[in-house]
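Q: Sharing my_file.txt below, compact mmCIF, C-alpha atoms:
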```
# COMPACT_ATOMS: atom_id res chain seq x y z
CA MET A 27 -36.47 16.29 -8.72
CA THR A 28 -36.77 17.68 -5.19
CA ASN A 29 -34.17 16.49 -2.70
CA ALA A 30 -35.51 14.65 0.32
CA LEU A 31 -33.39 16.80 2.63
CA SER A 32 -32.54 20.46 2.13
CA LEU A 33 -28.98 21.70 2.49
CA GLU A 34 -30.06 23.88 5.41
CA ASP A 35 -31.58 20.91 7.24
CA TYR A 36 -28.47 18.84 6.52
CA ILE A 37 -26.18 21.54 7.90
CA ALA A 38 -28.35 21.82 11.02
CA THR A 39 -27.60 18.21 11.97
CA PHE A 40 -23.92 18.99 12.63
CA GLY A 41 -22.39 20.74 15.58
CA GLU A 42 -18.63 21.12 15.25
CA GLU A 43 -17.13 24.13 16.99
CA PRO A 44 -16.36 27.23 14.89
CA GLY A 45 -12.81 27.33 13.56
CA TYR A 46 -12.69 23.80 12.22
CA VAL A 47 -11.40 23.71 8.61
CA ASP A 48 -9.68 20.32 8.62
CA PHE A 49 -12.11 17.92 6.95
CA GLY A 50 -9.26 16.57 4.85
CA ARG A 51 -8.01 15.00 8.08
CA ALA A 52 -11.23 14.05 9.87
CA GLY A 53 -14.89 14.97 9.53
CA PRO A 54 -16.81 15.41 12.80
CA PRO A 55 -19.94 13.22 12.63
CA GLY A 56 -23.41 14.69 12.83
CA ARG A 57 -26.61 13.76 14.60
CA ALA A 58 -27.60 10.96 12.20
CA VAL A 59 -24.35 9.06 12.77
CA LYS A 60 -24.38 9.69 16.50
CA ASP A 61 -28.00 8.55 16.84
CA GLU A 62 -27.34 5.47 14.70
CA GLU A 63 -24.41 4.42 16.84
CA TYR A 64 -26.43 4.98 20.01
CA ALA A 65 -29.36 2.93 18.69
CA GLN A 66 -27.27 0.03 17.43
CA THR A 67 -25.09 -0.05 20.52
CA GLY A 68 -28.28 -0.12 22.58
CA LEU A 69 -29.43 -3.23 20.73
CA LEU A 70 -26.10 -4.88 21.45
CA GLN A 71 -26.13 -3.75 25.07
CA LYS A 72 -29.57 -5.16 25.85
CA ALA A 73 -29.13 -8.31 23.74
CA ARG A 74 -32.86 -8.88 23.61
CA PHE A 75 -34.08 -11.94 21.76
CA GLY A 76 -33.43 -11.49 18.03
CA THR A 77 -31.55 -8.19 18.26
CA ILE A 78 -28.08 -9.63 17.71
CA ASP A 79 -29.23 -11.24 14.47
CA SER A 80 -30.68 -7.91 13.32
CA LEU A 81 -27.25 -6.30 13.52
CA TYR A 82 -26.11 -8.42 10.60
CA GLU A 83 -28.68 -6.72 8.36
CA GLN A 84 -26.41 -3.69 8.30
CA ASP A 85 -24.14 -5.25 5.68
CA GLU A 86 -26.81 -5.17 2.99
CA ARG A 87 -27.87 -1.70 4.09
CA VAL A 88 -24.41 -0.18 3.84
CA ARG A 89 -23.72 -1.77 0.45
CA ASP A 90 -27.00 -0.32 -0.81
CA ALA A 91 -25.95 3.13 0.41
CA ILE A 92 -22.49 2.85 -1.18
CA SER A 93 -24.05 1.66 -4.43
CA VAL A 94 -26.20 4.80 -4.66
CA LEU A 95 -23.15 7.10 -4.52
CA THR A 96 -20.72 5.00 -6.60
CA ARG A 97 -23.13 3.42 -9.10
CA PHE A 98 -21.45 0.04 -8.57
CA ARG A 99 -23.79 -2.92 -8.02
CA THR A 100 -24.14 -4.12 -4.45
CA ASP A 101 -22.51 -7.47 -5.30
CA GLN A 102 -19.46 -5.49 -6.50
CA ILE A 103 -19.05 -3.83 -3.09
CA VAL A 104 -17.55 -5.11 0.14
CA PHE A 105 -17.33 -3.18 3.40
CA GLN A 106 -13.82 -2.39 4.67
CA PRO A 107 -12.68 -0.95 8.00
CA ASN A 108 -10.58 1.73 6.25
CA THR A 109 -9.07 2.79 2.93
CA SER A 110 -5.72 1.15 3.58
CA THR A 111 -7.21 -2.30 4.07
CA GLY A 112 -9.13 -2.00 0.80
CA LEU A 113 -5.98 -0.91 -1.03
CA MET A 114 -4.05 -3.82 0.46
CA HIS A 115 -6.68 -6.20 -0.92
CA ALA A 116 -6.37 -4.52 -4.32
CA MET A 117 -2.58 -4.37 -4.56
CA PHE A 118 -2.01 -7.89 -3.26
CA GLY A 119 -4.56 -9.10 -5.81
CA VAL A 120 -3.06 -7.41 -8.90
CA THR A 121 -0.61 -9.12 -11.23
CA GLY A 122 1.77 -6.97 -13.30
CA GLY A 123 3.02 -3.42 -13.20
CA VAL A 124 1.09 -0.73 -11.33
CA ALA A 125 1.86 2.85 -12.37
CA MET A 126 1.61 5.45 -9.61
CA SER A 127 3.22 8.59 -8.28
CA ALA A 128 5.63 8.21 -5.38
CA GLY A 129 3.88 11.28 -3.97
CA GLU A 130 0.54 9.52 -3.51
CA PHE A 131 -0.75 9.10 0.01
CA PRO A 132 1.20 6.16 1.49
CA SER A 133 -1.89 3.93 1.66
CA ILE A 134 -1.31 3.43 -2.08
CA THR A 135 2.47 3.24 -2.21
CA PHE A 136 2.93 1.06 0.88
CA ALA A 137 0.30 -1.41 -0.32
CA ALA A 138 2.02 -1.75 -3.70
CA VAL A 139 5.53 -2.12 -2.29
CA ARG A 140 4.47 -4.55 0.45
CA ALA A 141 2.68 -6.68 -2.16
CA ALA A 142 5.77 -6.65 -4.38
CA GLN A 143 8.00 -7.62 -1.47
CA ALA A 144 5.73 -10.42 -0.27
CA LEU A 145 4.48 -12.02 -3.49
CA GLY A 146 6.61 -10.69 -6.31
CA VAL A 147 3.68 -10.64 -8.73
CA VAL A 148 3.07 -6.89 -8.73
CA THR A 149 5.66 -4.31 -9.73
CA PRO A 150 5.36 -0.65 -8.61
CA MET A 151 6.20 1.61 -11.55
CA TRP A 152 6.90 5.17 -10.44
CA ILE A 153 5.70 7.97 -12.70
CA GLU A 154 6.65 11.63 -12.84
CA THR A 155 3.89 14.14 -12.14
CA ASP A 156 3.05 17.60 -13.35
CA HIS A 157 3.96 19.52 -10.17
CA GLY A 158 2.34 16.83 -8.03
CA ARG A 159 -0.62 16.29 -10.36
CA VAL A 160 -1.29 13.07 -12.25
CA THR A 161 -2.84 14.17 -15.54
CA PRO A 162 -3.86 12.24 -18.66
CA GLY A 163 -1.12 14.01 -20.60
CA ASN A 164 1.84 13.18 -18.37
CA LEU A 165 0.50 9.68 -17.78
CA ARG A 166 0.20 8.95 -21.51
CA GLU A 167 3.90 9.65 -22.04
CA GLN A 168 4.96 7.16 -19.35
CA LEU A 169 2.76 4.15 -20.02
CA THR A 170 4.51 0.99 -21.18
CA ALA A 171 3.30 -2.43 -22.23
CA SER A 172 4.17 -3.81 -18.78
CA VAL A 173 1.69 -1.51 -16.99
CA ALA A 174 -1.35 -3.57 -16.01
CA ALA A 175 -2.96 -0.99 -13.73
CA VAL A 176 -2.82 2.68 -12.79
CA ALA A 177 -3.42 3.90 -9.24
CA VAL A 178 -4.43 7.50 -8.47
CA SER A 179 -6.10 9.55 -5.76
CA LEU A 180 -9.40 11.13 -6.70
CA VAL A 181 -8.20 14.24 -4.85
CA ASP A 182 -4.52 14.59 -4.04
CA PHE A 183 -4.03 15.06 -0.31
CA ARG A 184 -1.14 17.51 -0.74
CA THR A 185 -2.06 19.57 -3.79
CA GLY A 186 -5.87 19.41 -3.55
CA TYR A 187 -5.96 18.51 -7.26
CA LEU A 188 -9.12 16.76 -8.48
CA VAL A 189 -7.98 14.14 -10.97
CA ASP A 190 -9.56 13.77 -14.40
CA LEU A 191 -10.83 10.20 -14.11
CA GLU A 192 -12.50 10.15 -17.52
CA GLY A 193 -9.38 11.53 -19.21
CA ILE A 194 -7.18 8.97 -17.49
CA ARG A 195 -9.53 6.17 -18.48
CA GLN A 196 -9.29 7.23 -22.13
CA VAL A 197 -5.49 7.28 -21.94
CA ILE A 198 -4.91 3.96 -20.17
CA GLY A 199 -7.30 1.89 -22.30
CA ASP A 200 -8.22 -1.47 -20.82
CA ARG A 201 -5.71 -1.34 -17.97
CA LEU A 202 -7.19 -1.47 -14.49
CA LEU A 203 -7.87 1.92 -12.92
CA ILE A 204 -7.48 1.96 -9.14
CA VAL A 205 -8.88 5.02 -7.33
CA ASP A 206 -8.28 6.04 -3.73
CA ALA A 207 -11.38 8.21 -3.34
CA ILE A 208 -11.22 9.19 0.32
CA GLN A 209 -10.47 12.90 -0.19
CA GLY A 210 -13.54 13.35 -2.37
CA PHE A 211 -16.01 10.56 -1.70
CA GLY A 212 -19.36 11.95 -0.62
CA VAL A 213 -18.64 15.50 -1.79
CA VAL A 214 -17.44 15.02 -5.40
CA ASP A 215 -19.87 13.65 -7.99
CA ALA A 216 -17.10 11.68 -9.71
CA PRO A 217 -17.60 9.22 -12.58
CA TYR A 218 -16.69 6.24 -10.44
CA GLU A 219 -18.10 3.88 -13.06
CA VAL A 220 -15.06 4.48 -15.31
CA ALA A 221 -12.82 2.99 -12.61
CA ASP A 222 -12.25 -0.68 -11.92
CA ILE A 223 -11.36 -0.42 -8.25
CA VAL A 224 -12.65 2.31 -5.94
CA VAL A 225 -11.61 2.45 -2.31
CA SER A 226 -12.56 4.92 0.40
CA GLY A 227 -12.86 5.37 4.12
CA GLY A 228 -15.69 7.20 5.84
CA GLN A 229 -13.90 9.24 8.48
CA LYS A 230 -13.23 12.33 6.38
CA TRP A 231 -15.76 14.01 4.07
CA THR A 232 -18.62 11.56 4.66
CA ARG A 233 -18.28 12.16 8.40
CA ALA A 234 -19.07 8.61 9.47
CA GLY A 235 -16.18 8.18 11.91
CA TRP A 236 -13.26 5.76 11.91
CA GLY A 237 -13.66 2.06 11.17
CA THR A 238 -15.76 2.65 8.05
CA GLY A 239 -14.99 2.20 4.36
CA PHE A 240 -15.50 0.10 1.25
CA LEU A 241 -13.90 -1.61 -1.73
CA ALA A 242 -15.83 -1.55 -5.01
CA LEU A 243 -14.72 -3.77 -7.90
CA SER A 244 -15.82 -3.83 -11.52
CA ASP A 245 -16.49 -7.17 -13.17
CA ARG A 246 -13.15 -6.81 -14.99
CA ALA A 247 -11.38 -6.28 -11.69
CA LEU A 248 -13.11 -9.28 -10.13
CA ASP A 249 -11.88 -11.42 -13.01
CA ALA A 250 -8.33 -10.04 -12.80
CA LEU A 251 -7.70 -9.86 -9.04
CA THR A 252 -6.77 -12.72 -6.75
CA PRO A 253 -8.42 -12.54 -3.31
CA VAL A 254 -5.20 -13.15 -1.38
CA PHE A 255 -6.61 -12.18 2.01
CA SER A 256 -9.91 -14.03 1.98
CA GLY A 257 -11.11 -15.23 5.36
CA PHE A 258 -13.72 -17.58 6.74
CA ALA A 259 -16.49 -15.01 6.28
CA ALA A 260 -15.81 -14.86 2.54
CA THR A 261 -17.13 -18.24 1.38
CA ASP A 262 -20.48 -19.41 0.01
CA GLU A 263 -21.12 -21.60 3.03
CA GLU A 264 -24.00 -20.61 5.30
CA GLY A 265 -23.01 -20.01 8.87
CA THR A 266 -19.47 -20.49 10.15
CA PRO A 267 -17.53 -22.91 7.89
CA VAL A 268 -15.97 -25.47 10.20
CA ASP A 269 -14.00 -28.69 9.63
CA GLU A 270 -13.09 -27.66 6.08
CA VAL A 271 -11.55 -24.66 4.32
CA PHE A 272 -13.79 -23.63 1.44
CA PRO A 273 -12.81 -21.55 -1.61
CA PRO A 274 -13.58 -17.82 -1.70
CA THR A 275 -16.99 -16.72 -2.84
CA LYS A 276 -17.44 -15.15 -6.25
CA GLY A 277 -17.73 -11.38 -6.24
CA ALA A 278 -16.43 -8.59 -4.06
CA GLY A 279 -17.32 -10.50 -0.89
CA ALA A 280 -14.20 -12.61 -1.41
CA PHE A 281 -12.10 -9.61 -0.39
CA SER A 282 -12.92 -9.74 3.30
CA ILE A 283 -11.25 -11.43 6.22
CA SER A 284 -13.78 -11.63 9.03
CA ASN A 285 -17.26 -10.53 9.94
CA PRO A 286 -17.48 -6.70 9.73
CA ASP A 287 -18.43 -4.40 12.59
CA PRO A 288 -22.20 -3.95 12.12
CA ILE A 289 -22.29 -0.79 14.22
CA ALA A 290 -19.60 0.79 12.02
CA GLN A 291 -21.61 -0.30 8.98
CA ALA A 292 -24.70 1.37 10.42
CA ARG A 293 -22.80 4.60 11.03
CA PHE A 294 -21.47 4.62 7.48
CA ALA A 295 -24.88 3.79 6.02
CA ALA A 296 -26.55 6.58 8.00
CA ALA A 297 -23.99 9.12 6.80
CA LEU A 298 -24.30 8.06 3.15
CA GLU A 299 -28.09 7.93 3.24
CA GLU A 300 -28.12 11.51 4.53
CA ILE A 301 -25.71 12.62 1.79
CA ALA A 302 -27.87 10.94 -0.86
CA ALA A 303 -30.96 12.66 0.56
CA VAL A 304 -29.33 16.08 0.03
CA SER A 305 -27.41 14.98 -3.12
CA VAL A 306 -23.68 15.13 -3.72
CA PRO A 307 -23.92 18.01 -6.27
CA VAL A 308 -25.73 20.22 -3.74
CA ILE A 309 -23.12 19.52 -1.05
CA ASN A 310 -20.34 19.99 -3.60
CA ALA A 311 -21.69 23.40 -4.62
CA ALA A 312 -21.77 24.53 -0.99
CA ILE A 313 -18.19 23.38 -0.46
CA ALA A 314 -17.08 25.07 -3.69
CA ASP A 315 -18.47 28.35 -2.41
CA ARG A 316 -16.58 28.02 0.86
CA VAL A 317 -13.36 27.01 -0.89
CA THR A 318 -13.63 30.14 -3.03
CA ARG A 319 -13.99 32.25 0.12
CA VAL A 320 -10.89 30.66 1.67
CA ILE A 321 -8.91 31.40 -1.51
CA GLU A 322 -10.16 34.99 -1.55
CA LEU A 323 -9.10 35.48 2.07
CA ALA A 324 -5.65 34.04 1.32
CA ASP A 325 -5.32 36.41 -1.62
CA GLU A 326 -6.41 39.36 0.50
CA TYR A 327 -3.57 38.73 2.95
CA ALA A 328 -0.96 37.81 0.31
CA LEU A 329 -0.77 34.13 1.22
CA PRO A 330 0.38 32.13 -1.84
CA VAL A 331 -2.27 29.56 -2.84
CA ILE A 332 -0.63 26.56 -4.52
CA SER A 333 -3.73 24.38 -4.87
CA PRO A 334 -6.01 24.65 -7.94
CA ARG A 335 -8.25 27.69 -8.32
CA ASP A 336 -10.33 26.30 -11.19
CA GLU A 337 -13.46 24.62 -9.79
CA SER A 338 -13.09 21.77 -12.28
CA GLU A 339 -9.68 20.91 -10.78
CA ARG A 340 -10.45 21.21 -7.10
CA ALA A 341 -12.64 19.70 -4.40
CA GLY A 342 -12.50 20.82 -0.77
CA ILE A 343 -8.79 21.38 -0.16
CA VAL A 344 -6.96 24.72 -0.23
CA VAL A 345 -3.19 24.70 0.25
CA VAL A 346 -1.20 27.82 1.10
CA GLU A 347 2.57 28.01 1.23
CA PRO A 348 3.99 31.06 3.00
CA PRO A 349 7.71 31.87 2.78
CA ALA A 350 9.62 29.32 4.85
CA ASP A 351 10.61 31.85 7.47
CA GLN A 352 6.97 32.88 7.94
CA LEU A 353 5.41 29.43 8.35
CA THR A 354 5.70 29.45 12.13
CA VAL A 355 4.09 32.90 12.26
CA LEU A 356 1.12 31.66 10.23
CA THR A 357 0.62 28.45 12.20
CA ALA A 358 0.92 30.34 15.49
CA SER A 359 -1.70 32.86 14.38
CA LEU A 360 -4.07 30.10 13.31
CA TYR A 361 -3.54 28.36 16.64
CA ASN A 362 -4.01 31.56 18.65
CA HIS A 363 -7.32 32.24 16.90
CA GLY A 364 -8.62 28.69 17.38
CA VAL A 365 -8.49 27.64 13.72
CA THR A 366 -7.86 23.93 13.14
CA THR A 367 -5.82 23.09 10.02
CA THR A 368 -3.13 20.64 8.91
CA THR A 369 0.49 21.74 8.47
CA ARG A 370 2.83 19.50 6.51
CA GLY A 371 6.03 20.04 4.58
CA GLY A 372 6.02 23.81 4.83
CA GLN A 373 2.41 24.08 3.68
CA VAL A 374 -0.88 24.70 5.45
CA ARG A 375 -3.95 22.77 4.26
CA LEU A 376 -7.40 24.23 4.87
CA SER A 377 -10.39 22.07 4.04
CA PRO A 378 -13.87 23.48 4.72
CA HIS A 379 -17.16 21.60 4.44
CA ALA A 380 -20.71 22.68 3.69
CA THR A 381 -21.13 23.31 7.43
CA THR A 382 -18.27 25.81 7.68
CA ASP A 383 -20.00 28.91 9.07
CA GLU A 384 -19.55 32.68 9.18
CA GLU A 385 -17.94 32.61 12.59
CA THR A 386 -15.29 30.26 11.25
CA PHE A 387 -14.55 32.63 8.36
CA GLU A 388 -14.24 35.53 10.80
CA MET A 389 -11.77 33.48 12.86
CA LEU A 390 -9.85 32.63 9.71
CA ARG A 391 -9.78 36.28 8.65
CA ALA A 392 -8.52 37.30 12.09
CA SER A 393 -5.76 34.69 11.97
CA PHE A 394 -4.66 35.82 8.49
CA LEU A 395 -4.72 39.44 9.65
CA GLY A 396 -2.60 38.52 12.66
CA TYR A 397 -0.15 36.76 10.40
CA ALA A 398 0.04 39.65 7.92
CA SER A 399 0.52 42.20 10.71
CA ALA A 400 3.31 40.16 12.27
CA VAL A 401 5.31 39.68 9.07
CA ARG A 402 5.12 43.40 8.26
CA VAL A 403 6.78 44.35 11.56
```
Can I see the file as structure tokens?
A:
Amino acid sequence: MTNALSLEDYIATFGEEPGYVDFGRAGPPGRAVKDEEYAQTGLLQKARFGTIDSLYEQDERVRDAISVLTRFRTDQIVFQPNTSTGLMHAMFGVTGGVAMSAGEFPSITFAAVRAAQALGVVTPMWIETDHGRVTPGNLREQLTASVAAVAVSLVDFRTGYLVDLEGIRQVIGDRLLIVDAIQGFGVVDAPYEVADIVVSGGQKWTRAGWGTGFLALSDRALDALTPVFSGFAATDEEGTPVDEVFPPTKGAGAFSISNPDPIAQARFAAALEEIAAVSVPVINAAIADRVTRVIELADEYALPVISPRDESERAGIVVVEPPADQLTVLTASLYNHGVTTTTRGGQVRLSPHATTDEETFEMLRASFLGYASAVRV
């Protein structure tokens, strides 16, 4: 099957400056997202007859686009303004113990602890990891009868480890599997269908900008979760429900509070439609090639790589950890050569995308050379 959009044409729609290797923090949007926002904002600005109503068609459009990449039905998907809001809906809706690593991104841990503090129906159960990695093996040894759900990141934000969703599903049985997918959604062809709850934002690898995201729920999750935060826009009543408070609708739509931002939905839909036109595996292969090149450069200049090297265990994140007394030298060299990265906890995270170009690699090489020369003095 021929893709509707070639990788080269996809890459040509983006225009970030050379030196940007920080897609794990934020993904600069491309032309499709920019044009979509301009067009939809223009409709709102002019407010011509009928245009305001047309904005509300974006909800169906974005759920269709999310469905294509996740393989969840559209009625199992609800738009969210970010990952954290979706995880709050999930954690406040769960009853029982939720197993997770304390090292997960705080969107997971804060949601679980806040839900426990507020309602007392969910219990965070902290698990030990294998050097920061949640694997089927170490998870199996720690499961107890009181664990009702397991929460993991598709790609760990600190280690860059790509979790084995299918292996975890086999280990946990019929417990709910909650997946924070933001560090891989749109660039990892993950088996989302084995999960019960998938949450992601669109500001990183999908490059849709802030204010975009989704919550996808399996039928089992919809039966098990309570829609604690379910607002006036989440009922079966047509129009605005006034004079009476109606029960939540059936399905994922119950997990919303108010009417979503249709312009944000349009941005997210445009980004996902473009990804689907190229295909996630094609984008993933391009990123894998660039990740390999980053690792090879780190090796060339004796920078310890602590993230996975095996393609089956990695996505787009490379983490290097220089000796503690050399961290400032490395970050200064990256800064001086115009290379954008994330530094946290003594480690430097580099996350290239399919659009990372030759000039960026030359800048990265120069920064590593500058670092290596300085530490040899």
Q: Counting only C-alpha atoms, note down every residue that has an atom within 9 Å of the point (-16.2, 11.5, -5.1) (file coordinates), as a compact mmCIF listing (two decimals) with C-alpha atoms, in the coordinates of the input.
A:
```
# COMPACT_ATOMS: atom_id res chain seq x y z
CA LEU A 95 -23.15 7.10 -4.52
CA THR A 96 -20.72 5.00 -6.60
CA LEU A 180 -9.40 11.13 -6.70
CA VAL A 181 -8.20 14.24 -4.85
CA ALA A 207 -11.38 8.21 -3.34
CA ILE A 208 -11.22 9.19 0.32
CA GLN A 209 -10.47 12.90 -0.19
CA GLY A 210 -13.54 13.35 -2.37
CA PHE A 211 -16.01 10.56 -1.70
CA GLY A 212 -19.36 11.95 -0.62
CA VAL A 213 -18.64 15.50 -1.79
CA VAL A 214 -17.44 15.02 -5.40
CA ASP A 215 -19.87 13.65 -7.99
CA ALA A 216 -17.10 11.68 -9.71
CA PRO A 217 -17.60 9.22 -12.58
CA TYR A 218 -16.69 6.24 -10.44
CA VAL A 306 -23.68 15.13 -3.72
CA ALA A 341 -12.64 19.70 -4.40
```
Q: Any idea what the distance is between atom CA of Ser333 of chain A and atom CA of Glu384 of chain A?
A: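 Separation between atom CA of Ser333 of chain A and atom CA of Glu384 of chain A: 22.7 Å.
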Q: Residues around (-26.6, 1.5, -0.8), cut-off 12 Å, counting all atoms listed in the file - what are they as a ChimeraX atom specification?
A: /A:84-105,240,242,291-292,294-302
Q: Would you mind reading off the distance between atom CA of Ile194 of chain A and atom CA of Phe49 of chain A, one decimal, in Å?
A: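 Pair atom CA of Ile194 of chain A / atom CA of Phe49 of chain A returns 26.5 Å.
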Q: Which is closer to Ala398 of chain A than all the others in A:Ala350, A:Ala358, A:Met126, A:Ala328, using all atoms listed in the file?
A: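 Ranked by minimum distance to Ala398 of chain A, first place goes to A:Ala328.
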Q: Would you please work out which residue, of A:Trp236, A:Phe118, A:Tyr46, A:Tyr36, is nearest to Leu360 of chain A when using all atoms listed in the file?
A: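 Closest residue, counting all atoms listed in the file: A:Tyr46.
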Q: Go through A:Ile332, A:Ile289, A:Val205, A:Ile313 one by one, measure the shortest atom-to-atom distance of each to Thr381 of chain A using all atoms listed in the file, and give the residue with the smallest value.
A: A:Ile313
Q: How about completing segment 231-243 of chain A with N, CA and C atoms and giving it to me as a compact mmCIF listing (two decimals), in the coordinates of the input?
A:
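Generated file (result-v8.txt):
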```txt
# COMPACT_ATOMS: atom_id res chain seq x y z
N TRP A 231 -14.69 13.18 4.60
CA TRP A 231 -15.76 14.01 4.07
C TRP A 231 -17.15 13.44 4.28
N THR A 232 -17.29 12.12 4.40
CA THR A 232 -18.62 11.56 4.66
C THR A 232 -19.01 11.63 6.12
N ARG A 233 -18.03 11.87 6.99
CA ARG A 233 -18.28 12.16 8.40
C ARG A 233 -18.97 11.01 9.14
N ALA A 234 -18.49 9.79 8.85
CA ALA A 234 -19.07 8.61 9.47
C ALA A 234 -18.21 8.06 10.61
N GLY A 235 -17.06 8.66 10.85
CA GLY A 235 -16.18 8.18 11.91
C GLY A 235 -15.24 7.09 11.41
N TRP A 236 -14.26 6.78 12.26
CA TRP A 236 -13.26 5.76 11.91
C TRP A 236 -13.87 4.36 11.90
N GLY A 237 -13.19 3.44 11.24
CA GLY A 237 -13.66 2.06 11.17
C GLY A 237 -14.66 1.82 10.07
N THR A 238 -14.77 2.76 9.12
CA THR A 238 -15.76 2.65 8.05
C THR A 238 -15.07 2.81 6.69
N GLY A 239 -15.54 2.08 5.69
CA GLY A 239 -14.99 2.20 4.36
C GLY A 239 -15.53 1.12 3.43
N PHE A 240 -15.02 1.09 2.20
CA PHE A 240 -15.50 0.10 1.25
C PHE A 240 -14.47 -0.14 0.16
N LEU A 241 -14.64 -1.25 -0.53
CA LEU A 241 -13.90 -1.61 -1.73
C LEU A 241 -14.94 -1.97 -2.78
N ALA A 242 -14.92 -1.27 -3.91
CA ALA A 242 -15.83 -1.55 -5.01
C ALA A 242 -15.03 -2.04 -6.21
N LEU A 243 -15.47 -3.12 -6.84
CA LEU A 243 -14.72 -3.77 -7.90
C LEU A 243 -15.60 -3.99 -9.13
```
